[in-house]
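The data block below is work-v5.json; it holds JSON, C-alpha atoms and all ligand atoms.
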[["chain", "number", "residue", "atom", "x", "y", "z"],
["A", 897, "MET", "CA", 0.00, 0.00, 0.00],
["A", 898, "ARG", "CA", 2.71, 2.48, 0.99],
["A", 899, "VAL", "CA", 4.71, 1.62, -2.11],
["A", 900, "SER", "CA", 1.80, 2.19, -4.44],
["A", 901, "GLY", "CA", 1.02, 5.47, -2.63],
["A", 902, "LEU", "CA", 4.60, 6.61, -3.16],
["A", 903, "LEU", "CA", 4.41, 5.57, -6.80],
["A", 904, "ARG", "CA", 1.25, 7.61, -7.20],
["A", 905, "ILE", "CA", 2.93, 10.70, -5.75],
["A", 906, "LEU", "CA", 5.94, 10.15, -8.00],
["A", 907, "ALA", "CA", 3.63, 9.81, -10.97],
["A", 908, "VAL", "CA", 1.90, 13.09, -10.12],
["A", 909, "ILE", "CA", 5.25, 14.86, -9.71],
["A", 910, "PHE", "CA", 6.40, 13.38, -13.01],
["A", 911, "VAL", "CA", 3.27, 14.63, -14.79],
["A", 912, "LEU", "CA", 3.63, 18.10, -13.27],
["A", 913, "PHE", "CA", 7.30, 18.22, -14.19],
["A", 914, "THR", "CA", 6.80, 17.15, -17.79],
["A", 915, "SER", "CA", 3.90, 19.54, -18.26],
["A", 916, "TRP", "CA", 6.08, 22.30, -16.82],
["A", 917, "ILE", "CA", 8.79, 21.51, -19.34],
["A", 918, "PHE", "CA", 6.25, 21.20, -22.10],
["A", 919, "PHE", "CA", 4.62, 24.47, -21.08],
["A", 920, "TRP", "CA", 7.89, 26.41, -21.21],
["A", 921, "GLY", "CA", 8.89, 24.68, -24.38],
["A", 922, "TYR", "CA", 5.57, 25.66, -25.85],
["A", 923, "LEU", "CA", 5.87, 29.23, -24.63],
["A", 924, "SER", "CA", 9.31, 29.78, -26.06],
["A", 925, "PHE", "CA", 8.23, 28.02, -29.25],
["A", 926, "SER", "CA", 5.16, 30.21, -29.60],
["A", 927, "MET", "CA", 7.27, 33.30, -28.90],
["A", 928, "LYS", "CA", 9.49, 32.29, -31.76],
["A", 929, "THR", "CA", 6.51, 31.68, -34.02],
["A", 930, "VAL", "CA", 5.16, 35.10, -33.13],
["A", 931, "ARG", "CA", 8.31, 36.68, -34.47],
["A", 932, "LEU", "CA", 8.84, 34.40, -37.44],
["A", 933, "PRO", "CA", 5.69, 35.17, -39.44],
["A", 934, "ARG", "CA", 6.54, 38.87, -39.36],
["A", 935, "TRP", "CA", 9.81, 38.19, -41.13],
["A", 936, "LEU", "CA", 8.05, 35.81, -43.47],
["A", 937, "ALA", "CA", 5.19, 38.20, -44.12],
["A", 938, "GLY", "CA", 7.65, 40.93, -45.03],
["A", 939, "ALA", "CA", 9.45, 38.68, -47.47],
["A", 940, "VAL", "CA", 6.23, 37.41, -49.03],
["A", 941, "SER", "CA", 4.60, 40.79, -49.54],
["A", 942, "LYS", "CA", 7.81, 42.09, -51.12],
["A", 943, "LYS", "CA", 7.73, 39.17, -53.53],
["A", 944, "THR", "CA", 4.06, 39.50, -54.49],
["A", 945, "ARG", "CA", 4.59, 43.17, -55.20],
["A", 946, "VAL", "CA", 7.26, 42.25, -57.74],
["A", 947, "VAL", "CA", 5.23, 39.61, -59.60],
["A", 948, "LYS", "CA", 2.01, 41.62, -59.93],
["A", 949, "THR", "CA", 0.04, 40.36, -62.92],
["A", 950, "ARG", "CA", -2.30, 42.18, -65.26],
["A", 951, "CYS", "CA", -5.90, 41.98, -63.94],
["A", 952, "ASN", "CA", -4.40, 40.26, -60.87],
["A", 953, "LEU", "CA", -4.44, 36.92, -62.66],
["A", 954, "SER", "CA", -3.09, 34.04, -60.61],
["A", 955, "LYS", "CA", -0.48, 33.37, -63.31],
["A", 956, "PRO", "CA", 1.08, 35.97, -65.61],
["A", 957, "CYS", "CA", 0.19, 35.89, -69.31],
["A", 958, "PRO", "CA", 2.88, 35.74, -72.02],
["A", 959, "ASP", "CA", 3.67, 39.19, -73.45],
["A", 960, "ASN", "CA", 1.74, 38.77, -76.69],
["A", 961, "TYR", "CA", -1.45, 37.59, -74.95],
["A", 962, "PHE", "CA", -4.27, 39.67, -73.54],
["A", 963, "ALA", "CA", -5.02, 39.07, -69.86],
["A", 964, "PHE", "CA", -8.65, 39.17, -68.79],
["A", 965, "LYS", "CA", -10.80, 38.21, -65.84],
["A", 966, "ILE", "CA", -14.59, 38.06, -65.89],
["A", 967, "CYS", "CA", -16.78, 37.40, -62.85],
["A", 968, "SER", "CA", -20.54, 37.06, -62.90],
["A", 969, "GLY", "CA", -22.62, 38.52, -60.11],
["A", 970, "ALA", "CA", -23.45, 36.37, -57.09],
["A", 971, "ALA", "CA", -27.26, 36.15, -56.98],
["A", 972, "ASN", "CA", -28.46, 39.77, -56.77],
["A", 973, "VAL", "CA", -26.02, 40.64, -53.99],
["A", 974, "VAL", "CA", -22.47, 40.91, -55.36],
["A", 975, "GLY", "CA", -22.06, 42.75, -58.65],
["A", 976, "PRO", "CA", -20.12, 41.36, -61.63],
["A", 977, "SER", "CA", -16.81, 42.62, -62.94],
["A", 978, "ILE", "CA", -14.95, 42.64, -66.24],
["A", 979, "CYS", "CA", -11.22, 43.32, -66.34],
["A", 980, "PHE", "CA", -9.17, 43.42, -69.56],
["A", 981, "GLU", "CA", -5.40, 44.07, -69.72],
["A", 982, "ASP", "CA", -5.33, 45.43, -66.16],
["A", 983, "HIS", "CA", -8.12, 47.85, -66.98],
["A", 984, "MET", "CA", -11.21, 47.30, -64.82],
["A", 985, "ILE", "CA", -13.82, 48.12, -67.45],
["A", 986, "MET", "CA", -16.93, 47.39, -65.40],
["A", 987, "SER", "CA", -17.36, 46.74, -61.67],
["A", 988, "PRO", "CA", -19.59, 47.62, -58.71],
["A", 989, "VAL", "CA", -16.90, 50.04, -57.50],
["A", 990, "LYS", "CA", -17.08, 51.89, -60.82],
["A", 991, "ASN", "CA", -20.85, 51.84, -60.43],
["A", 992, "ASN", "CA", -21.37, 50.94, -64.09],
["A", 993, "VAL", "CA", -22.86, 47.44, -63.83],
["A", 994, "GLY", "CA", -26.49, 46.43, -63.77],
["A", 995, "ARG", "CA", -28.97, 43.59, -63.54],
["A", 996, "GLY", "CA", -29.02, 41.40, -66.63],
["A", 997, "LEU", "CA", -26.10, 41.27, -69.04],
["A", 998, "ASN", "CA", -22.98, 43.38, -68.69],
["A", 999, "ILE", "CA", -21.07, 43.57, -71.95],
["A", 1000, "ALA", "CA", -17.76, 45.14, -72.93],
["A", 1001, "LEU", "CA", -16.37, 45.39, -76.48],
["A", 1002, "VAL", "CA", -12.64, 45.49, -77.07],
["A", 1003, "ASN", "CA", -10.57, 45.93, -80.23],
["A", 1004, "GLY", "CA", -9.12, 42.45, -80.72],
["A", 1005, "THR", "CA", -5.91, 43.82, -82.24],
["A", 1006, "THR", "CA", -5.03, 46.70, -79.97],
["A", 1007, "GLY", "CA", -6.94, 45.71, -76.82],
["A", 1008, "MET", "CA", -8.52, 49.16, -76.66],
["A", 1009, "VAL", "CA", -11.90, 49.32, -74.97],
["A", 1010, "LEU", "CA", -14.50, 50.41, -77.53],
["A", 1011, "LYS", "CA", -17.79, 50.33, -75.65],
["A", 1012, "HIS", "CA", -19.50, 48.90, -72.60],
["A", 1013, "ASP", "CA", -23.07, 48.75, -71.43],
["A", 1014, "HIS", "CA", -25.53, 46.72, -69.37],
["A", 1015, "PHE", "CA", -28.93, 45.44, -70.38],
["A", 1016, "ASP", "CA", -31.74, 44.61, -67.98],
["A", 1017, "MET", "CA", -32.94, 41.17, -69.04],
["A", 1018, "TYR", "CA", -35.74, 40.99, -66.48],
["A", 1019, "SER", "CA", -37.80, 44.07, -67.27],
["A", 1020, "GLY", "CA", -35.72, 46.09, -69.75],
["A", 1021, "ASP", "CA", -36.19, 46.77, -73.47],
["A", 1022, "VAL", "CA", -34.58, 43.82, -75.22],
["A", 1023, "GLN", "CA", -34.44, 45.72, -78.54],
["A", 1024, "LEU", "CA", -31.55, 47.75, -77.14],
["A", 1025, "LEU", "CA", -29.48, 44.61, -76.65],
["A", 1026, "GLU", "CA", -30.34, 43.33, -80.14],
["A", 1027, "LYS", "CA", -29.20, 46.62, -81.63],
["A", 1028, "PHE", "CA", -25.99, 46.59, -79.55],
["A", 1029, "LEU", "CA", -25.13, 43.03, -80.62],
["A", 1030, "LYS", "CA", -25.87, 43.64, -84.32],
["A", 1031, "GLU", "CA", -23.44, 46.56, -84.38],
["A", 1032, "ILE", "CA", -20.56, 44.33, -83.30],
["A", 1033, "THR", "CA", -18.13, 43.90, -86.17],
["A", 1034, "GLU", "CA", -15.44, 41.33, -86.85],
["A", 1035, "GLY", "CA", -12.21, 41.95, -84.99],
["A", 1036, "MET", "CA", -13.95, 42.93, -81.75],
["A", 1037, "LEU", "CA", -13.77, 40.81, -78.63],
["A", 1038, "VAL", "CA", -17.02, 40.54, -76.69],
["A", 1039, "LEU", "CA", -16.84, 40.07, -72.90],
["A", 1040, "VAL", "CA", -20.04, 39.19, -71.05],
["A", 1041, "ALA", "CA", -20.90, 38.82, -67.35],
["A", 1042, "SER", "CA", -24.39, 38.12, -66.03],
["A", 1043, "TYR", "CA", -25.89, 39.66, -62.92],
["A", 1044, "ASP", "CA", -28.98, 38.29, -61.16],
["A", 1045, "ASP", "CA", -31.11, 37.36, -64.17],
["A", 1046, "PRO", "CA", -29.88, 37.12, -67.77],
["A", 1047, "GLY", "CA", -32.72, 34.88, -68.97],
["A", 1048, "THR", "CA", -36.24, 36.24, -68.64],
["A", 1049, "LYS", "CA", -36.24, 38.47, -71.73],
["A", 1050, "MET", "CA", -33.77, 36.36, -73.69],
["A", 1051, "ASN", "CA", -35.16, 35.61, -77.16],
["A", 1052, "ASP", "CA", -34.17, 33.42, -80.11],
["A", 1053, "GLU", "CA", -32.61, 36.33, -81.99],
["A", 1054, "ILE", "CA", -30.27, 37.16, -79.12],
["A", 1055, "ARG", "CA", -29.43, 33.49, -78.53],
["A", 1056, "LYS", "CA", -28.51, 33.21, -82.20],
["A", 1057, "LEU", "CA", -26.31, 36.32, -82.12],
["A", 1058, "PHE", "CA", -24.38, 34.98, -79.12],
["A", 1059, "SER", "CA", -24.08, 31.55, -80.72],
["A", 1060, "GLN", "CA", -22.52, 33.19, -83.77],
["A", 1061, "MET", "CA", -19.89, 34.62, -81.44],
["A", 1062, "GLY", "CA", -18.91, 31.16, -80.28],
["A", 1063, "SER", "CA", -21.25, 30.65, -77.31],
["A", 1064, "SER", "CA", -22.44, 27.10, -76.72],
["A", 1065, "HIS", "CA", -24.59, 27.94, -73.68],
["A", 1066, "ALA", "CA", -26.62, 30.95, -74.89],
["A", 1067, "ASN", "CA", -29.15, 28.55, -76.41],
["A", 1068, "GLN", "CA", -30.15, 27.17, -73.01],
["A", 1069, "LEU", "CA", -29.59, 30.19, -70.80],
["A", 1070, "GLY", "CA", -32.56, 30.70, -68.46],
["A", 1071, "PHE", "CA", -33.97, 32.55, -65.50],
["A", 1072, "ARG", "CA", -31.25, 33.55, -62.99],
["A", 1073, "ASP", "CA", -28.51, 31.43, -64.53],
["A", 1074, "SER", "CA", -25.04, 32.85, -64.10],
["A", 1075, "TRP", "CA", -22.92, 33.20, -67.20],
["A", 1076, "VAL", "CA", -19.50, 34.50, -68.20],
["A", 1077, "PHE", "CA", -18.33, 34.48, -71.79],
["A", 1078, "LEU", "CA", -15.71, 35.84, -74.14],
["A", 1079, "GLY", "CA", -16.35, 35.58, -77.85],
["A", 1080, "ALA", "CA", -16.03, 37.33, -81.18],
["A", 1081, "ARG", "CA", -18.28, 37.67, -84.17],
["A", 1082, "GLY", "CA", -17.77, 35.00, -86.80],
["A", 1083, "ILE", "CA", -15.41, 32.74, -84.88],
["A", 1084, "LYS", "CA", -15.70, 29.25, -86.28],
["A", 1085, "ASN", "CA", -15.25, 27.16, -83.15],
["A", 1086, "ASN", "CA", -16.81, 27.40, -79.75],
["A", 1087, "SER", "CA", -15.33, 30.07, -77.52],
["A", 1088, "PRO", "CA", -12.42, 28.84, -75.40],
["A", 1089, "PHE", "CA", -13.84, 30.82, -72.50],
["A", 1090, "GLU", "CA", -17.38, 30.26, -71.28],
["A", 1091, "GLN", "CA", -18.90, 29.15, -67.98],
["A", 1092, "VAL", "CA", -22.48, 28.77, -66.95],
["A", 1093, "GLY", "CA", -24.22, 27.87, -63.70],
["A", 1094, "SER", "CA", -27.89, 27.06, -63.33],
["A", 1095, "TRP", "CA", -30.02, 28.68, -60.69],
["A", 1096, "TRP", "CA", -31.76, 25.46, -59.71],
["A", 1097, "PRO", "CA", -30.61, 23.11, -58.23],
["A", 1098, "PRO", "CA", -28.65, 25.55, -56.04],
["A", 1099, "HIS", "CA", -24.96, 25.97, -56.79],
["A", 1100, "PRO", "CA", -22.27, 28.46, -55.86],
["A", 1101, "TRP", "CA", -23.81, 31.30, -57.77],
["A", 1102, "ARG", "CA", -20.80, 33.19, -58.86],
["A", 1103, "ARG", "CA", -19.14, 32.08, -62.10],
["A", 1104, "GLY", "CA", -15.88, 33.55, -63.11],
["A", 1105, "GLY", "CA", -12.54, 32.93, -64.58],
["A", 1106, "GLU", "CA", -9.43, 34.32, -66.05],
["A", 1107, "GLN", "CA", -7.45, 33.48, -69.09],
["A", 1108, "CYS", "CA", -4.88, 34.67, -71.54],
["A", 1109, "GLN", "CA", -6.19, 35.33, -75.03],
["A", 1110, "GLY", "CA", -3.81, 35.21, -77.99],
["B", 1201, "LIG", "C1", -5.31, 44.21, -58.14],
["B", 1201, "LIG", "O1", -5.24, 44.06, -56.73],
["B", 1201, "LIG", "C2", -4.88, 45.25, -56.05],
["B", 1201, "LIG", "C3", -4.69, 44.91, -54.59],
["B", 1201, "LIG", "O2", -5.74, 44.13, -54.11],
["B", 1201, "LIG", "C4", -5.96, 46.32, -56.28],
["B", 1201, "LIG", "O3", -5.62, 47.50, -55.63],
["B", 1201, "LIG", "C5", -6.08, 46.57, -57.77],
["B", 1201, "LIG", "O4", -7.13, 47.47, -58.02],
["B", 1201, "LIG", "C6", -6.34, 45.27, -58.51],
["B", 1201, "LIG", "N1", -6.32, 45.52, -59.94],
["B", 1201, "LIG", "C7", -7.27, 45.10, -60.76],
["B", 1201, "LIG", "C8", -7.14, 45.51, -62.18],
["B", 1201, "LIG", "O5", -8.21, 44.41, -60.40],
["B", 1202, "LIG", "C1", -8.73, 47.98, -84.13],
["B", 1202, "LIG", "O1", -7.64, 48.87, -84.17],
["B", 1202, "LIG", "C2", -6.94, 48.85, -85.41],
["B", 1202, "LIG", "C3", -5.71, 49.74, -85.26],
["B", 1202, "LIG", "O2", -6.05, 51.00, -84.77],
["B", 1202, "LIG", "C4", -7.87, 49.31, -86.52],
["B", 1202, "LIG", "O3", -7.19, 49.28, -87.77],
["B", 1202, "LIG", "C5", -9.07, 48.38, -86.56],
["B", 1202, "LIG", "O4", -10.00, 48.84, -87.52],
["B", 1202, "LIG", "C6", -9.75, 48.32, -85.20],
["B", 1202, "LIG", "N1", -10.78, 47.31, -85.25],
["B", 1202, "LIG", "C7", -11.97, 47.47, -84.70],
["B", 1202, "LIG", "C8", -12.93, 46.34, -84.83],
["B", 1202, "LIG", "O5", -12.29, 48.49, -84.10]]
What is this file in structure tokens?
Ligand SMILES: *[C@@H]1O[C@H](CO)[C@@H](O)[C@H](O)[C@H]1NC(C)=O
Ligand SMILES: *[C@@H]1O[C@H](CO)[C@@H](O)[C@H](O)[C@H]1NC(C)=O
Amino acid sequence: MRVSGLLRILAVIFVLFTSWIFFWGYLSFSMKTVRLPRWLAGAVSKKTRVVKTRCNLSKPCPDNYFAFKICSGAANVVGPSICFEDHMIMSPVKNNVGRGLNIALVNGTTGMVLKHDHFDMYSGDVQLLEKFLKEITEGMLVLVASYDDPGTKMNDEIRKLFSQMGSSHANQLGFRDSWVFLGARGIKNNSPFEQVGSWWPPHPWRRGGEQCQG
């Protein structure tokens, strides 16, 4: 009995002692880790400043490629944005986006922004969008981002015009789908850049992506 009692006391002392050592080890370790990230953070932020990409793309584009990033809106809460060659053409901050389809036209040779506008596809005048799309000529790049609802007023004529620019989803686009697209009039194949998300069943609403365009 006395031996086991002594062993118990020794065990308790042992536990206290090791936790003491562990505690101090932990403290000095955590003090080191408090200092380390500051050095690391300094080094990292210096590096990211050096490798800044056009449109903040995750990877830089080759010199002879255009960099662009298009994000659809998220439901009717977060507005869409269209960036081309480090120029934010449309965004909520610029206060030039709207419900429906947000479209920017860019000269495909020079990358110069030619025009941008938004078209309410829920209760707007769809003739305005038809007119806008019919005035697009060859050699222009067309960048599209949806916001809230691109589908309600969508008609066959508009679906056809987008299909002729290389869209493979414009034919099915419906109520509150999210859609991002880059195309050009008269391109023979499907656009290399297009994403669509359906409203139902629920999905992460925001579609978006970035790419280099040759
Ligand atoms: C890139 O990111 C920086 C820092 O977040 C921001 O200030 C800048 O406006 C962004 N540029 C574009 C074109 O989005
Ligand atoms: C694009 O810019 C070039 C050079 O300025 C010009 O010759 C061409 O007509 C423009 N194309 C369009 C579609 O605006």
Original post:
Which polymer residues have any atom within 8 Å of an atom of Val1092 (chain A), counting all atoms listed in the file, with same-chain residues fewer than 4 positions away left out, as a ChimeraX atom specification?
Top reply: /A:1065,1073-1076,1103
How would the residues just picked look written out with C-alpha atoms as a PDB file, in the frame of the given file?
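The resulting out-v6.pdb:
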ATOM      1  CA  HIS A1065     -24.590  27.940 -73.680  1.00  0.00           C
ATOM      2  CA  ASP A1073     -28.510  31.430 -64.530  1.00  0.00           C
ATOM      3  CA  SER A1074     -25.040  32.850 -64.100  1.00  0.00           C
ATOM      4  CA  TRP A1075     -22.920  33.200 -67.200  1.00  0.00           C
ATOM      5  CA  VAL A1076     -19.500  34.500 -68.200  1.00  0.00           C
ATOM      6  CA  ARG A1103     -19.140  32.080 -62.100  1.00  0.00           C
TER       7      ARG A1103
END
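For the pair CA of Met1036 (chain A) and atom C7 of ligand LIG 1202 (chain B), the interatomic distance is 5.8 Å.
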Which neighbours of region 1047-1056 of chain A fall inside 8 Å, counting all atoms listed in the file, when residues of the same chain fewer than 3 positions from it are skipped, and could you give them as a PDB file with C-alpha atoms, in the frame of the given file?
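Output file selection-v8.pdb is given in full below:
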ATOM      1  CA  GLY A 996     -29.020  41.400 -66.630  1.00  0.00           C
ATOM      2  CA  MET A1017     -32.940  41.170 -69.040  1.00  0.00           C
ATOM      3  CA  TYR A1018     -35.740  40.990 -66.480  1.00  0.00           C
ATOM      4  CA  SER A1019     -37.800  44.070 -67.270  1.00  0.00           C
ATOM      5  CA  GLY A1020     -35.720  46.090 -69.750  1.00  0.00           C
ATOM      6  CA  VAL A1022     -34.580  43.820 -75.220  1.00  0.00           C
ATOM      7  CA  LEU A1025     -29.480  44.610 -76.650  1.00  0.00           C
ATOM      8  CA  GLU A1026     -30.340  43.330 -80.140  1.00  0.00           C
ATOM      9  CA  LEU A1029     -25.130  43.030 -80.620  1.00  0.00           C
ATOM     10  CA  SER A1059     -24.080  31.550 -80.720  1.00  0.00           C
ATOM     11  CA  GLN A1060     -22.520  33.190 -83.770  1.00  0.00           C
ATOM     12  CA  ALA A1066     -26.620  30.950 -74.890  1.00  0.00           C
ATOM     13  CA  ASN A1067     -29.150  28.550 -76.410  1.00  0.00           C
ATOM     14  CA  LEU A1069     -29.590  30.190 -70.800  1.00  0.00           C
ATOM     15  CA  GLY A1070     -32.560  30.700 -68.460  1.00  0.00           C
ATOM     16  CA  PHE A1071     -33.970  32.550 -65.500  1.00  0.00           C
ATOM     17  CA  ARG A1072     -31.250  33.550 -62.990  1.00  0.00           C
ATOM     18  CA  ASP A1073     -28.510  31.430 -64.530  1.00  0.00           C
TER      19      ASP A1073
END
Please identify every polymer residue within 6 Å of ligand LIG 1201 (chain B), using all atoms listed in the file, and present the set as a list in words. Cys951, Asn952, Asp982, His983 and Met984 of chain A
Can you write out as CSV which residues of chain A fall within 9 Å of ligand LIG 1202 (chain B), alongside each residue's closest atom pair and its distance in Å to one decimal, counting only C-alpha atoms and all ligand atoms and ordering rows by chain and ascending residue number?
residue,atom,partner,partner_atom,distance
A:Val1002,CA,B:LIG1202,O5,7.7
A:Asn1003,CA,B:LIG1202,C1,4.8
A:Gly1004,CA,B:LIG1202,C1,6.5
A:Thr1005,CA,B:LIG1202,C1,5.4
A:Thr1006,CA,B:LIG1202,O1,5.4
A:Gly1007,CA,B:LIG1202,C1,7.9
A:Met1008,CA,B:LIG1202,C1,7.6
A:Leu1010,CA,B:LIG1202,O5,7.2
A:Ile1032,CA,B:LIG1202,C8,8.0
A:Thr1033,CA,B:LIG1202,C8,5.9
A:Glu1034,CA,B:LIG1202,C8,6.0
A:Gly1035,CA,B:LIG1202,C8,4.5
A:Met1036,CA,B:LIG1202,C8,4.7
A:Leu1037,CA,B:LIG1202,C8,8.4
Each residue of region 995-1086 of chain A with at least one atom at most 6 Å from region 960-978 of chain A should appear once, together with its nearest atom pair and the corresponding distance in Å (one decimal); atoms considered: only C-alpha atoms; ordering: chain, then increasing residue number; output as CSV.
residue,atom,partner,partner_atom,distance
A:Ala1041,CA,A:Ser968,CA,4.8
A:Ser1042,CA,A:Ser968,CA,5.1
A:Tyr1043,CA,A:Gly969,CA,4.5
A:Asp1044,CA,A:Asn972,CA,4.7
A:Val1076,CA,A:Ser968,CA,6.0
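Relative to CA of Val1040 (chain A), CA of Ile999 (chain A) is found at 4.6 Å.
Going from CA of Gly994 (chain A) to CA of His1012 (chain A) covers 11.5 Å.
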Requested in this report: Tell me which protein, DNA and RNA residues are within 7 Å of Leu1039 (chain A), counting all atoms listed in the file, leaving out same-chain ones fewer than 4 positions away, and put them as a list in words.
Outcome: Ile999, Ala1000, Leu1001, Phe1077, Leu1078 and Gly1079 of chain A
* Take the point (-12.9, 30.7, -71.7) as written in the file and pick out every residue within 7 Å of it, counting all atoms listed in the file; give the list as a ChimeraX atom specification. => /A:1077-1078,1087-1090,1107
